[in-house]
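Written out below as structure tokens is the structure these notes cover.
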Amino acid sequence: MDFKKIEAFVLKQYGIDLSAYKSKQLTRRIESFMSRIGVKNEDEFILKLKLDKNLSQRFLDHLTINVSEFFRNKDLFLELERKIKELLNPEKKTLKIWSAACSNGAEPYTLAIIMDRLTPNKRHTIIATDIDKNILEVAKKGVYKMQDVRNVDKDLLDKYFIKDGDSYIIKDFIKNRVIFKHHDLILDRYDTGFDLIVCRNVVIYFTQEVKNQIYKKFYDAMNPGALLFVGATESIYNYRELGFEKASTFIYRKPGGV
Ligand SMILES: C[S@@+](CC[C@H](N)C(=O)[O-])C[C@H]1O[C@@H](n2cnc3c(N)ncnc32)[C@H](O)[C@@H]1O
């Protein structure tokens with residue numbers, strides 16, 4: 001397969017820089033997509049993508065893999081909740097939180113629920129970003145299926161969701177606490193002053209070099225004492241080199257006062 005042709009097209013069309021993604025995994029994903037729709041070569045594929053908006057969207061979804069759910073790896077979120085408590089102690093200003101690569105919103109809404117439980121009377125800033133504009137629209141709607149909320153305790157389901165048929169709709173008072181924005185972790189500039197960055201299940205697709213660049217940019221975007229929460233298979237082996245200390249399994253801290 002002439003990967004370069006597809007790479008150039010994807011960068012121009014969607015602004016996604018595939019050279020930063022692990023190529024073997026990606027080539028396999030693209031090949032399986034091409035064979036599923038029955039195209040013979042890259043030129044035919046690119047032409048089809050240009051002509052068929054629907055197909056183009058399906059391809060983008062296939063590339064970015066939007067899988068997510070509330071309290072993904074629940075134990076780890078409970079551990080995060082304990083660590084956030086420490087951040088809030090002694091009584092501190094409000095926190096600035098970033099859910100980076102937030103997909104359908106389950107992750108930033110989980111954070112909003114946690115913050116509401118910990119400090120019901122405080123308003124924290126929760127920013128949620130993703131490269132995929134379509135999934136951001138889904139996130140803003142805040143409508144989920146049973147499988148998305150399977151880790152949510154019954155009392156939290158009752159408190160934070162409205163059940164409508166087989167849908168679970170996040171209540172407005174939680175929905176309104178999350179600000180969704182389009183952002184590419186590879187190409188865009190990072191905001192600063194974060195007390196907590198949650199970035200899970202996206203860097204697995206990136207090369208080690210790009211991972212390092214992202215973690216360095218997170219470091220610069222964090223306040224001293226801030227936390228970085230990563231995915232359950234994403235231990236940062238070189239965390240010391242990057243300037244972090246370990247706060248817990250899958251949670252790293254930028255050294256310094258809170
Ligand atoms: C598997 S989901 C992870 C969702 C959530 N963080 C979680 O762990 O449940 C990966 C998300 O990363 C997004 N993504 C892929 N490449 C990205 C990039 N370069 N910048 C920002 N988001 C990206 C995808 O659109 C997708 O929504």
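Ligands are numbered from 1 in the order shown, chains are lettered A, B, ... in the order of the structure tokens, and residues start at 1 in each chain.
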Self-check item: Nearby residues, ligand 1, 6 Å, only C-alpha atoms and all ligand atoms, as a ChimeraX atom specification
Solution: /A:64-69,101-103,107,130-132,183-186,199-202
Quiz item: Hey, what does DSSP flag as alpha helix (DSSP H) within stretch 6-160 of chain A? Can you give it to me as a ChimeraX atom specification?
Solution: /A:6-14,23-37,42-51,53-64,74-87,106-118,133-141,154-160
Exercise. Fewer than 5 positions away in the same chain doesn't count, so skip those; otherwise give me all residues within 12 Å of A:Met34, counting only C-alpha atoms, as a list in words.
Key: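 Listing them by chain and then by number gives Met1, Ile6, Thr27, Arg28, Arg29, Val39, Lys40, Asn41, Glu42, Asp43, Glu44, Phe45, Ile46, Lys48, Leu49, Leu55, Ser56, Arg58, Phe59 and His62 of chain A.
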Exercise. Name the closest residue to A:Pro120 among the candidates A:Phe173, A:Leu87, A:Gln147, A:Leu63; distances are taken between atoms, counting only C-alpha atoms.
Key: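 Answer, going by the shortest atom-to-atom distance: A:Phe173.
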Quiz prompt | Exercise: A:Arg82 partners within 12 Å, only C-alpha atoms, chain neighbours under 6 positions left out, as a list in words | solution =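 Answer for this query is Asp75, Leu76, Leu88, Asn89, Ile114, Met115, Arg117, Leu118, Leu227, Ala247, Ser248 and Ile251 of chain A.
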Quiz prompt | Distance query A:Asn73 at most 10 Å, only C-alpha atoms, self and fewer than 5 positions along chain excluded, as a count of residues only | solution = 4
Self-check item: Point-to-point distance in Å for atom CA of A:Arg72 and atom CA of A:Asn104
Solution: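 Between atom CA of A:Asn104 and atom CA of A:Arg72 the gap is 12.6 Å.
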Exercise. Figure out the distance between atom CA of A:Ala8 and atom CA of A:Leu187, please, to one decimal in Å.
Key: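 Straight-line distance from atom CA of A:Leu187 to atom CA of A:Ala8 works out to 15.1 Å.
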Quiz item: Between A:Asp195, A:Glu86, A:Asp153, A:Asp188, which has the minimum distance to A:Thr125 (counting only C-alpha atoms)?
Solution: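 Residue with the minimum atom-to-atom distance to A:Thr125: A:Asp195.
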Quiz prompt | Counting only C-alpha atoms, the option among A:Phe244, A:Tyr160, A:Ile127, A:Asn238 closest to A:Lys211 | solution =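 Checking each of A:Phe244, A:Tyr160, A:Ile127, A:Asn238 against A:Lys211, counting only C-alpha atoms, the winner is A:Asn238.
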Self-check item: Which residue of A:Asp17, A:Thr110, A:Tyr239, A:Glu234 approaches A:Leu80 most closely, using only C-alpha atoms
Solution: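 Of the candidates, the smallest distance to A:Leu80 is held by A:Thr110.
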Quiz prompt | Proximity to A:Leu157 - best of A:Phe71, A:Thr249, A:Ser235, A:Phe9, only C-alpha atoms | solution = A:Phe71
Quiz prompt | Shell around A:Ala226 at 7 Å using only C-alpha atoms, local window under 3 positions removed, as a ChimeraX atom specification | solution = /A:194-196,222-223,253-254
Exercise. Quote the spacing between atom CA of A:Lys85 and atom CA of A:Phe229 in Å to one decimal place.
Key: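 Here the two named atoms are 14.4 Å from each other.
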